[in-house]
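K.L.:
You'll find data.txt just under this line, and it carries compact mmCIF, C-alpha atoms.
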# COMPACT_ATOMS: atom_id res chain seq x y z
CA MET A 1 -81.76 173.01 -73.42
CA ALA A 2 -84.27 175.84 -73.85
CA GLN A 3 -82.96 179.39 -74.04
CA ARG A 4 -83.35 181.41 -70.85
CA GLU A 5 -86.01 184.10 -71.09
CA ARG A 6 -84.06 187.36 -70.76
CA PRO A 7 -84.21 189.89 -69.27
CA ILE A 8 -85.90 188.74 -66.06
CA GLU A 9 -87.57 191.14 -63.68
CA ILE A 10 -88.30 189.87 -60.17
CA ILE A 11 -91.23 191.48 -58.38
CA ASN A 12 -91.92 190.96 -54.69
CA PRO A 13 -95.41 192.33 -54.06
CA PRO A 14 -96.31 193.16 -50.45
CA ASN A 15 -97.99 190.22 -48.72
CA MET A 16 -101.47 191.68 -48.56
CA LEU A 17 -103.10 188.39 -47.59
CA LYS A 18 -100.94 187.93 -44.53
CA ALA A 19 -101.66 191.51 -43.52
CA LYS A 20 -105.38 191.02 -44.06
CA ILE A 21 -105.44 187.83 -42.01
CA GLY A 22 -103.27 189.38 -39.32
CA GLY A 23 -100.39 186.94 -39.44
CA ALA A 24 -99.37 183.56 -40.76
CA LEU A 25 -101.90 180.79 -41.19
CA PRO A 26 -101.37 178.00 -38.68
CA SER A 27 -101.04 174.36 -39.67
CA ALA A 28 -104.27 172.49 -40.22
CA ASP A 29 -105.39 170.99 -36.94
CA GLU A 30 -107.73 168.09 -36.29
CA ASP A 31 -110.57 170.39 -35.35
CA LEU A 32 -110.38 172.25 -38.64
CA MET A 33 -110.33 169.04 -40.67
CA ALA A 34 -113.21 167.68 -38.61
CA ARG A 35 -115.20 170.79 -39.52
CA ALA A 36 -114.44 170.18 -43.20
CA GLU A 37 -115.54 166.56 -42.89
CA ALA A 38 -118.73 167.66 -41.16
CA ALA A 39 -119.40 170.11 -43.98
CA LEU A 40 -119.02 167.31 -46.52
CA ASP A 41 -121.27 165.08 -44.42
CA GLY A 42 -124.00 167.62 -45.00
CA LEU A 43 -123.66 167.10 -48.74
CA ARG A 44 -123.15 163.35 -48.62
CA LYS A 45 -126.84 162.49 -48.96
CA ASN A 46 -126.73 164.03 -52.44
CA PHE A 47 -123.67 162.15 -53.67
CA ASN A 48 -125.50 159.15 -55.15
CA ASP A 49 -127.93 161.37 -57.06
CA TRP A 50 -125.19 163.64 -58.32
CA LEU A 51 -123.04 160.72 -59.42
CA GLY A 52 -126.06 159.11 -61.08
CA GLU A 53 -126.68 162.28 -63.07
CA GLU A 54 -123.09 162.43 -64.26
CA VAL A 55 -123.08 158.78 -65.31
CA ALA A 56 -126.45 159.15 -67.08
CA LYS A 57 -124.92 162.05 -69.03
CA LEU A 58 -121.94 159.86 -69.93
CA GLU A 59 -124.23 157.07 -71.13
CA ALA A 60 -126.32 159.44 -73.24
CA LEU A 61 -123.18 160.75 -74.92
CA MET A 62 -122.03 157.17 -75.49
CA ARG A 63 -125.30 156.37 -77.25
CA THR A 64 -124.83 159.40 -79.51
CA ALA A 65 -121.20 158.48 -80.12
CA LYS A 66 -122.23 155.00 -81.25
CA GLU A 67 -124.46 156.58 -83.90
CA GLN A 68 -122.25 159.48 -84.93
CA GLY A 69 -118.77 158.31 -84.07
CA LEU A 70 -116.29 159.74 -81.58
CA GLU A 71 -115.11 162.59 -83.74
CA GLY A 72 -116.50 166.08 -83.46
CA GLU A 73 -118.44 167.61 -80.61
CA THR A 74 -119.87 164.37 -79.26
CA GLY A 75 -116.43 162.87 -78.74
CA GLU A 76 -115.19 166.02 -77.08
CA ALA A 77 -118.24 166.15 -74.82
CA LEU A 78 -117.68 162.51 -73.93
CA PHE A 79 -114.10 163.29 -72.94
CA THR A 80 -115.22 166.28 -70.85
CA CYS A 81 -117.78 164.13 -69.07
CA ALA A 82 -115.21 161.39 -68.38
CA HIS A 83 -112.75 164.02 -67.17
CA ASP A 84 -115.37 165.42 -64.77
CA LEU A 85 -116.09 161.93 -63.44
CA ARG A 86 -112.38 161.42 -62.90
CA GLY A 87 -112.46 164.41 -60.59
CA LEU A 88 -115.74 163.57 -58.89
CA GLY A 89 -115.74 159.78 -58.43
CA SER A 90 -113.71 159.62 -55.23
CA THR A 91 -115.43 162.66 -53.79
CA TYR A 92 -118.71 160.81 -54.31
CA GLU A 93 -117.17 157.82 -52.53
CA PHE A 94 -116.55 155.73 -55.64
CA PRO A 95 -112.77 155.82 -56.09
CA ILE A 96 -113.02 153.10 -58.68
CA ILE A 97 -115.04 155.45 -60.88
CA THR A 98 -112.23 157.99 -60.65
CA ARG A 99 -109.88 155.23 -61.79
CA LEU A 100 -112.09 154.00 -64.64
CA ALA A 101 -112.85 157.54 -65.79
CA ALA A 102 -109.14 158.38 -65.72
CA SER A 103 -108.51 155.46 -68.05
CA LEU A 104 -111.31 156.57 -70.36
CA SER A 105 -110.04 160.16 -70.33
CA LYS A 106 -106.58 158.94 -71.29
CA LEU A 107 -108.05 156.99 -74.19
CA ILE A 108 -110.04 159.87 -75.72
CA GLU A 109 -108.30 163.07 -74.62
CA THR A 110 -107.44 164.46 -78.06
CA GLY A 111 -109.25 164.49 -81.38
CA GLU A 112 -106.52 162.35 -82.86
CA GLN A 113 -106.94 159.76 -80.12
CA ARG A 114 -110.73 159.78 -80.48
CA ALA A 115 -110.42 159.14 -84.19
CA ALA A 116 -108.32 156.05 -83.48
CA ALA A 117 -110.08 154.79 -80.33
CA PRO A 118 -112.11 151.58 -80.67
CA VAL A 119 -115.70 152.42 -79.81
CA SER A 120 -116.01 149.05 -78.09
CA LEU A 121 -113.24 149.94 -75.65
CA VAL A 122 -114.84 153.30 -74.91
CA GLU A 123 -118.16 151.55 -74.35
CA ALA A 124 -116.51 149.01 -72.06
CA HIS A 125 -115.36 151.85 -69.82
CA VAL A 126 -118.82 153.41 -69.74
CA GLY A 127 -120.35 150.02 -68.96
CA ALA A 128 -117.83 149.41 -66.17
CA ILE A 129 -118.66 152.76 -64.60
CA ARG A 130 -122.38 151.98 -64.65
CA ALA A 131 -121.73 148.48 -63.29
CA ALA A 132 -119.74 149.93 -60.39
CA ILE A 133 -122.80 151.93 -59.33
CA LEU A 134 -125.30 149.14 -59.90
CA GLN A 135 -123.23 146.63 -57.92
CA ASN A 136 -122.00 149.16 -55.38
CA VAL A 137 -118.36 148.42 -56.18
CA ARG A 138 -116.69 151.48 -54.73
CA ASP A 139 -113.00 150.75 -54.89
CA ASP A 140 -110.48 148.25 -56.11
CA ARG A 141 -110.66 146.15 -52.97
CA ASP A 142 -113.34 144.36 -54.94
CA PRO A 143 -111.36 141.73 -56.93
CA VAL A 144 -113.63 141.86 -59.97
CA GLY A 145 -113.60 145.64 -60.03
CA LYS A 146 -109.84 145.66 -59.68
CA ALA A 147 -109.34 143.12 -62.45
CA LEU A 148 -111.67 145.02 -64.76
CA ALA A 149 -109.93 148.34 -64.11
CA GLU A 150 -106.52 146.78 -64.70
CA GLU A 151 -107.64 145.15 -67.93
CA LEU A 152 -109.09 148.40 -69.28
CA GLU A 153 -105.99 150.37 -68.26
CA THR A 154 -103.72 147.82 -69.93
CA ARG A 155 -105.65 148.05 -73.18
CA VAL A 156 -105.62 151.84 -73.11
CA THR A 157 -101.91 152.02 -72.39
CA ALA A 158 -101.26 149.61 -75.26
CA LEU A 159 -103.08 152.02 -77.56
CA VAL A 160 -101.96 155.44 -76.37
CA GLY A 161 -98.89 154.73 -74.23
CA GLU A 162 -98.10 156.14 -70.82
CA ARG A 163 -99.06 159.73 -70.08
CA VAL A 164 -96.51 161.92 -68.33
CA MET B 165 -125.68 172.28 -43.73
CA THR B 166 -123.20 175.12 -43.25
CA ALA B 167 -120.42 174.64 -40.73
CA SER B 168 -119.85 177.52 -38.34
CA PRO B 169 -116.71 179.50 -39.03
CA SER B 170 -113.51 178.45 -37.34
CA PRO B 171 -111.95 181.50 -35.68
CA ALA B 172 -108.63 179.68 -35.54
CA SER B 173 -108.35 179.49 -39.30
CA GLY B 174 -107.84 183.21 -39.79
CA LEU B 175 -109.35 182.87 -43.24
CA SER B 176 -112.61 184.60 -42.42
CA LYS B 177 -111.44 187.91 -43.89
CA LEU B 178 -110.56 186.52 -47.29
CA ARG B 179 -112.76 186.75 -50.35
CA ILE B 180 -112.42 183.68 -52.52
CA ALA B 181 -113.90 183.06 -55.97
CA VAL B 182 -114.51 179.56 -57.30
CA VAL B 183 -114.94 179.01 -61.04
CA ASP B 184 -116.00 175.53 -62.10
CA ASP B 185 -118.60 174.49 -64.66
CA ASN B 186 -119.80 171.73 -62.35
CA ALA B 187 -122.26 173.13 -59.83
CA ALA B 188 -121.83 170.22 -57.43
CA MET B 189 -118.06 170.71 -57.34
CA ARG B 190 -118.54 174.42 -56.68
CA GLY B 191 -120.82 173.50 -53.80
CA ILE B 192 -118.28 171.06 -52.38
CA VAL B 193 -115.47 173.63 -52.55
CA ARG B 194 -117.73 176.25 -50.99
CA SER B 195 -118.63 173.90 -48.13
CA VAL B 196 -114.98 173.15 -47.39
CA LEU B 197 -114.06 176.84 -47.53
CA SER B 198 -116.96 177.66 -45.20
CA ALA B 199 -115.67 175.03 -42.80
CA PHE B 200 -112.30 176.81 -42.89
CA GLY B 201 -114.08 179.99 -41.84
CA VAL B 202 -114.23 181.72 -45.21
CA VAL B 203 -117.41 183.78 -45.32
CA ALA B 204 -117.17 185.51 -48.70
CA VAL B 205 -117.18 182.78 -51.36
CA TYR B 206 -118.14 183.82 -54.88
CA GLU B 207 -119.10 181.27 -57.52
CA ALA B 208 -118.86 181.41 -61.30
CA ALA B 209 -119.81 178.70 -63.77
CA ASP B 210 -117.50 179.81 -66.56
CA ALA B 211 -114.55 182.06 -67.32
CA PRO B 212 -116.52 185.09 -68.58
CA SER B 213 -118.63 185.05 -65.39
CA ALA B 214 -115.46 184.75 -63.34
CA MET B 215 -114.05 187.83 -65.07
CA GLU B 216 -117.21 189.73 -64.14
CA VAL B 217 -116.81 188.73 -60.50
CA LEU B 218 -113.13 189.66 -60.53
CA ARG B 219 -113.87 193.07 -62.02
CA ALA B 220 -116.69 193.78 -59.57
CA GLU B 221 -115.20 192.45 -56.33
CA ARG B 222 -111.83 192.60 -54.61
CA ILE B 223 -111.16 188.88 -54.69
CA ASP B 224 -108.13 187.63 -52.73
CA VAL B 225 -107.80 184.11 -54.16
CA LEU B 226 -109.21 182.42 -57.26
CA ILE B 227 -109.85 178.68 -57.36
CA CYS B 228 -110.16 177.70 -60.99
CA ASP B 229 -111.11 174.54 -62.89
CA TRP B 230 -109.23 173.81 -66.11
CA LYS B 231 -111.69 172.03 -68.42
CA MET B 232 -114.47 174.55 -69.04
CA LYS B 233 -116.37 176.07 -71.94
CA PRO B 234 -116.47 178.43 -73.78
CA VAL B 235 -113.08 179.47 -72.40
CA ASP B 236 -110.93 176.98 -70.53
CA GLY B 237 -109.30 177.68 -67.20
CA LEU B 238 -105.83 177.91 -68.67
CA SER B 239 -106.91 180.70 -71.01
CA LEU B 240 -108.56 182.45 -68.07
CA VAL B 241 -105.27 182.27 -66.15
CA ARG B 242 -103.34 183.67 -69.12
CA THR B 243 -105.80 186.56 -69.40
CA LEU B 244 -105.57 187.26 -65.69
CA ARG B 245 -101.77 187.37 -65.86
CA ASP B 246 -101.89 189.89 -68.70
CA PRO B 247 -101.56 193.32 -67.03
CA ASP B 248 -103.24 194.96 -70.03
CA LYS B 249 -106.38 192.83 -69.76
CA SER B 250 -106.58 191.83 -66.13
CA PRO B 251 -108.19 193.59 -63.20
CA CYS B 252 -105.91 191.60 -60.87
CA PRO B 253 -102.70 190.31 -62.50
CA LEU B 254 -101.14 189.40 -59.13
CA ILE B 255 -104.07 187.36 -57.79
CA PRO B 256 -103.10 183.96 -56.35
CA ILE B 257 -104.69 181.23 -58.47
CA ILE B 258 -105.22 177.63 -57.39
CA MET B 259 -105.84 175.37 -60.38
CA LEU B 260 -108.23 172.65 -59.17
CA THR B 261 -108.47 170.04 -61.90
CA ALA B 262 -108.82 166.36 -62.63
CA TYR B 263 -105.66 166.59 -64.74
CA ALA B 264 -102.88 164.96 -62.76
CA GLU B 265 -100.09 164.44 -65.29
CA PRO B 266 -96.78 166.27 -64.65
CA SER B 267 -96.99 167.76 -68.16
CA LYS B 268 -100.29 169.38 -67.20
CA VAL B 269 -98.82 170.77 -63.98
CA LYS B 270 -96.01 172.31 -66.02
CA GLU B 271 -98.46 173.73 -68.55
CA ALA B 272 -100.45 175.31 -65.73
CA ARG B 273 -97.33 176.75 -64.12
CA ASP B 274 -96.26 178.18 -67.47
CA ALA B 275 -99.65 179.87 -67.81
CA GLY B 276 -99.20 181.58 -64.44
CA VAL B 277 -100.97 179.33 -61.95
CA THR B 278 -99.80 179.80 -58.36
CA GLU B 279 -100.71 176.40 -56.92
CA PHE B 280 -102.02 173.17 -58.43
CA LEU B 281 -104.49 170.80 -56.73
CA VAL B 282 -105.75 167.58 -58.25
CA LYS B 283 -109.39 166.45 -58.09
CA PRO B 284 -110.63 164.55 -56.23
CA PHE B 285 -109.16 166.79 -53.57
CA ALA B 286 -108.92 166.45 -49.82
CA ALA B 287 -109.83 169.37 -47.56
CA GLU B 288 -106.34 169.23 -46.10
CA GLY B 289 -104.83 169.67 -49.56
CA LEU B 290 -106.87 172.79 -50.19
CA TYR B 291 -105.94 174.23 -46.79
CA LYS B 292 -102.25 173.57 -47.46
CA ARG B 293 -102.44 175.44 -50.76
CA LEU B 294 -104.11 178.40 -49.06
CA ARG B 295 -101.51 178.31 -46.30
CA THR B 296 -98.68 178.31 -48.82
CA ILE B 297 -100.22 181.25 -50.66
CA VAL B 298 -100.51 183.26 -47.44
CA ASN B 299 -97.31 182.24 -45.66
CA ARG B 300 -94.89 181.72 -48.54
CA PRO B 301 -96.11 183.70 -51.55
CA ARG B 302 -94.09 183.29 -54.69
CA PRO B 303 -92.38 186.36 -56.09
CA PHE B 304 -93.55 187.37 -59.53
CA VAL B 305 -91.41 187.13 -62.61
CA ARG B 306 -91.67 189.20 -65.74
CA THR B 307 -89.91 188.24 -68.95
CA LYS B 308 -90.70 188.98 -72.57
CA VAL B 309 -92.85 185.87 -72.74
CA PHE B 310 -94.05 185.28 -69.17
CA PHE B 311 -95.65 187.17 -66.32
CA GLY B 312 -96.63 185.20 -63.27
CA PRO B 313 -95.52 183.56 -60.06
CA ASP B 314 -91.94 182.33 -60.02
CA ARG B 315 -92.07 178.79 -61.29
CA ARG B 316 -89.22 177.74 -59.01
CA ARG B 317 -89.79 177.02 -55.36
CA LEU B 318 -87.04 175.77 -53.09
CA ALA B 319 -88.08 173.71 -50.11
CA SER B 320 -85.19 175.00 -47.99
CA GLY B 321 -85.56 178.68 -48.77
CA TYR B 322 -82.41 179.90 -50.50
CA GLN B 323 -80.86 182.81 -48.60
CA GLY B 324 -78.00 183.83 -50.89
CA PRO B 325 -77.81 186.35 -53.69
CA GLU B 326 -80.04 186.04 -56.76
CA ARG B 327 -78.41 183.40 -58.94
CA ARG B 328 -79.95 184.49 -62.20
CA ASP B 329 -77.10 186.50 -63.71
CA ASP B 330 -79.59 188.71 -65.52
CA ALA B 331 -82.01 189.34 -62.66
CA ALA B 332 -83.19 192.90 -62.37
CA PRO B 333 -85.10 193.35 -59.11
CA LEU B 334 -87.72 196.04 -59.15
CA SER B 335 -86.29 199.07 -57.43
Using the file provided, produce a representation of the structure as structure tokens.

P.N.:
Amino acid sequence: MAQRERPIEIINPPNMLKAKIGGALPSADEDLMARAEAALDGLRKNFNDWLGEEVAKLEALMRTAKEQGLEGETGEALFTCAHDLRGLGSTYEFPIITRLAASLSKLIETGEQRAAAPVSLVEAHVGAIRAAILQNVRDDRDPVGKALAEELETRVTALVGERV
Amino acid sequence: MTASPSPASGLSKLRIAVVDDNAAMRGIVRSVLSAFGVVAVYEAADAPSAMEVLRAERIDVLICDWKMKPVDGLSLVRTLRDPDKSPCPLIPIIMLTAYAEPSKVKEARDAGVTEFLVKPFAAEGLYKRLRTIVNRPRPFVRTKVFFGPDRRRLASGYQGPERRDDAAPLS
């Protein structure tokens, strides 16, 4: 067991935010969430373009990685791009891209992993992400999309293990 | 489109900064915050720009991405929790990141993050984090190696005496 960090000083700052707001924040109500949904609706028309730009960036990095390998800056940039797509896919209404990008991120997160990662498996992820857009496969209710995601995840886990 | 502020949210008086290297994500967070009634939303594309905003404005809450260049979000959090370097060492920080692994949550907590929210995020999740920050703020803890929000949080709200035998509350 780790040593306790001693001595410990506990500080209770005054709750300036509560004072500024004028009291406690109420629970989220339906009206508030509806407003948030409406705000996102205003952006929704851009989602396909924004997602397309992110995936085009991923593909360009993949092309460079095939020439230069996954080590160095290209591999790191590829991971960053995959990591971003993991966070953006579902927001852009393609949850399967979040899933595929999560698998790719897991495969190439560290320099050590990138050095050992089969380029073909990395490319298979990038291809699957592009295919999801081209065929409008948005989530794993699509049996082919689901099977592909599971297959890629299984291969990645076999290589790098589970992440906790 | 910008949603009109919700007077019920009570958040209209807060000033919130969002630092994320992805402009679209910043826009999405801004839109959701606007829908909650937040008027003053400041954006920064990287950690140095965020520091400039934090030095220039009295920001109440920082929403911070992790994976950024040239300085990542975790380093930004560590700097902000350093009283010698930070303009606001007590600022509540929500780490908004695509990292979802428990080890990453722990790493963020150990750096001094107040709340953790995984991308893709739901508006309700962001509101809940803001509500927790306002209604149930964590006390701060200072040790030789850590300064930041208490990394423990009890769901039931412990009412008894401090159980750390070496606790030294600030008098």

K.L.:
Tell me the residues of chain A close to chain B, meaning within 6 Å using all atoms listed in the file, as a PyMOL selection string.

P.N.:
chain A and resi 7-12+17-18+21+24-25+35-36+39+42+87-88+90-91+164

K.L.:
Using CA of Leu281 (chain B) and CA of Gly89 (chain A) as the two end points, give the distance in Å to one decimal.

P.N.:
15.8 Å

K.L.:
Rounded to one decimal, what separation in Å do you get between CA of Thr64 (chain A) and CA of Ala131 (chain A)?

P.N.:
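These two atoms are separated by 19.8 Å.
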
K.L.:
Would you list the residues near (-116.7, 163.1, -79.3) (no more than 12 Å away, in the coordinates of the file, using all atoms listed in the file) as an MDAnalysis selection string?

P.N.:
chainID A and resid 58 60:82 105 107:117 119 122

K.L.:
Quote the spacing between CA of Pro14 (chain A) and CA of Leu226 (chain B) in Å to one decimal place.

P.N.:
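Between CA of Pro14 (chain A) and CA of Leu226 (chain B) the gap is 18.1 Å.
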
K.L.:
Can I get region 39-71 of chain A with N, CA and C atoms filled in, as an mmCIF file, keeping the file's coordinate frame?

P.N.:
data_model
loop_
_atom_site.group_PDB
_atom_site.id
_atom_site.type_symbol
_atom_site.label_atom_id
_atom_site.label_comp_id
_atom_site.auth_asym_id
_atom_site.auth_seq_id
_atom_site.Cartn_x
_atom_site.Cartn_y
_atom_site.Cartn_z
ATOM 1 N N ALA A 39 -118.772 169.366 -42.888
ATOM 2 C CA ALA A 39 -119.400 170.110 -43.980
ATOM 3 C C ALA A 39 -119.717 169.171 -45.147
ATOM 4 N N LEU A 40 -118.785 168.268 -45.428
ATOM 5 C CA LEU A 40 -119.020 167.310 -46.520
ATOM 6 C C LEU A 40 -120.111 166.319 -46.140
ATOM 7 N N ASP A 41 -120.195 165.977 -44.862
ATOM 8 C CA ASP A 41 -121.270 165.080 -44.420
ATOM 9 C C ASP A 41 -122.633 165.649 -44.777
ATOM 10 N N GLY A 42 -122.733 166.967 -44.674
ATOM 11 C CA GLY A 42 -124.000 167.620 -45.000
ATOM 12 C C GLY A 42 -124.392 167.458 -46.456
ATOM 13 N N LEU A 43 -123.386 167.260 -47.301
ATOM 14 C CA LEU A 43 -123.660 167.100 -48.740
ATOM 15 C C LEU A 43 -123.796 165.637 -49.144
ATOM 16 N N ARG A 44 -123.317 164.759 -48.253
ATOM 17 C CA ARG A 44 -123.150 163.350 -48.620
ATOM 18 C C ARG A 44 -124.444 162.699 -49.112
ATOM 19 N N LYS A 45 -125.552 163.105 -48.568
ATOM 20 C CA LYS A 45 -126.840 162.490 -48.960
ATOM 21 C C LYS A 45 -127.147 162.711 -50.443
ATOM 22 N N ASN A 46 -126.494 163.730 -51.024
ATOM 23 C CA ASN A 46 -126.730 164.030 -52.440
ATOM 24 C C ASN A 46 -125.793 163.273 -53.386
ATOM 25 N N PHE A 47 -124.736 162.671 -52.821
ATOM 26 C CA PHE A 47 -123.670 162.150 -53.670
ATOM 27 C C PHE A 47 -124.182 161.112 -54.689
ATOM 28 N N ASN A 48 -125.025 160.183 -54.231
ATOM 29 C CA ASN A 48 -125.500 159.150 -55.150
ATOM 30 C C ASN A 48 -126.283 159.749 -56.316
ATOM 31 N N ASP A 49 -127.143 160.726 -55.997
ATOM 32 C CA ASP A 49 -127.930 161.370 -57.060
ATOM 33 C C ASP A 49 -127.021 162.116 -58.024
ATOM 34 N N TRP A 50 -126.072 162.862 -57.462
ATOM 35 C CA TRP A 50 -125.190 163.640 -58.320
ATOM 36 C C TRP A 50 -124.336 162.740 -59.214
ATOM 37 N N LEU A 51 -123.855 161.651 -58.628
ATOM 38 C CA LEU A 51 -123.040 160.720 -59.420
ATOM 39 C C LEU A 51 -123.904 160.071 -60.495
ATOM 40 N N GLY A 52 -125.144 159.708 -60.120
ATOM 41 C CA GLY A 52 -126.060 159.110 -61.080
ATOM 42 C C GLY A 52 -126.312 160.027 -62.272
ATOM 43 N N GLU A 53 -126.452 161.311 -61.979
ATOM 44 C CA GLU A 53 -126.680 162.280 -63.070
ATOM 45 C C GLU A 53 -125.484 162.352 -64.005
ATOM 46 N N GLU A 54 -124.294 162.351 -63.423
ATOM 47 C CA GLU A 54 -123.090 162.430 -64.260
ATOM 48 C C GLU A 54 -122.945 161.180 -65.140
ATOM 49 N N VAL A 55 -123.230 160.027 -64.556
ATOM 50 C CA VAL A 55 -123.080 158.780 -65.310
ATOM 51 C C VAL A 55 -124.173 158.678 -66.385
ATOM 52 N N ALA A 56 -125.372 159.144 -66.069
ATOM 53 C CA ALA A 56 -126.450 159.150 -67.080
ATOM 54 C C ALA A 56 -126.047 160.037 -68.261
ATOM 55 N N LYS A 57 -125.387 161.154 -67.955
ATOM 56 C CA LYS A 57 -124.920 162.050 -69.030
ATOM 57 C C LYS A 57 -123.874 161.323 -69.883
ATOM 58 N N LEU A 58 -122.985 160.603 -69.208
ATOM 59 C CA LEU A 58 -121.940 159.860 -69.930
ATOM 60 C C LEU A 58 -122.573 158.807 -70.847
ATOM 61 N N GLU A 59 -123.575 158.110 -70.334
ATOM 62 C CA GLU A 59 -124.230 157.070 -71.130
ATOM 63 C C GLU A 59 -124.965 157.662 -72.339
ATOM 64 N N ALA A 60 -125.608 158.801 -72.126
ATOM 65 C CA ALA A 60 -126.320 159.440 -73.240
ATOM 66 C C ALA A 60 -125.336 159.846 -74.334
ATOM 67 N N LEU A 61 -124.200 160.374 -73.934
ATOM 68 C CA LEU A 61 -123.180 160.750 -74.920
ATOM 69 C C LEU A 61 -122.629 159.525 -75.625
ATOM 70 N N MET A 62 -122.522 158.421 -74.876
ATOM 71 C CA MET A 62 -122.030 157.170 -75.490
ATOM 72 C C MET A 62 -123.000 156.688 -76.562
ATOM 73 N N ARG A 63 -124.298 156.799 -76.252
ATOM 74 C CA ARG A 63 -125.300 156.370 -77.250
ATOM 75 C C ARG A 63 -125.169 157.220 -78.524
ATOM 76 N N THR A 64 -124.989 158.514 -78.342
ATOM 77 C CA THR A 64 -124.830 159.400 -79.510
ATOM 78 C C THR A 64 -123.549 159.058 -80.252
ATOM 79 N N ALA A 65 -122.498 158.798 -79.494
ATOM 80 C CA ALA A 65 -121.200 158.480 -80.120
ATOM 81 C C ALA A 65 -121.286 157.196 -80.946
ATOM 82 N N LYS A 66 -122.102 156.254 -80.487
ATOM 83 C CA LYS A 66 -122.230 155.000 -81.250
ATOM 84 C C LYS A 66 -122.904 155.241 -82.597
ATOM 85 N N GLU A 67 -123.783 156.253 -82.640
ATOM 86 C CA GLU A 67 -124.460 156.580 -83.900
ATOM 87 C C GLU A 67 -123.601 157.474 -84.792
ATOM 88 N N GLN A 68 -122.931 158.437 -84.146
ATOM 89 C CA GLN A 68 -122.250 159.480 -84.930
ATOM 90 C C GLN A 68 -120.729 159.339 -84.956
ATOM 91 N N GLY A 69 -120.208 158.431 -84.154
ATOM 92 C CA GLY A 69 -118.770 158.310 -84.070
ATOM 93 C C GLY A 69 -118.205 159.210 -82.971
ATOM 94 N N LEU A 70 -116.928 159.022 -82.693
ATOM 95 C CA LEU A 70 -116.290 159.740 -81.580
ATOM 96 C C LEU A 70 -115.680 161.066 -82.002
ATOM 97 N N GLU A 71 -115.709 161.338 -83.286
ATOM 98 C CA GLU A 71 -115.110 162.590 -83.740
ATOM 99 C C GLU A 71 -116.117 163.725 -83.570
#
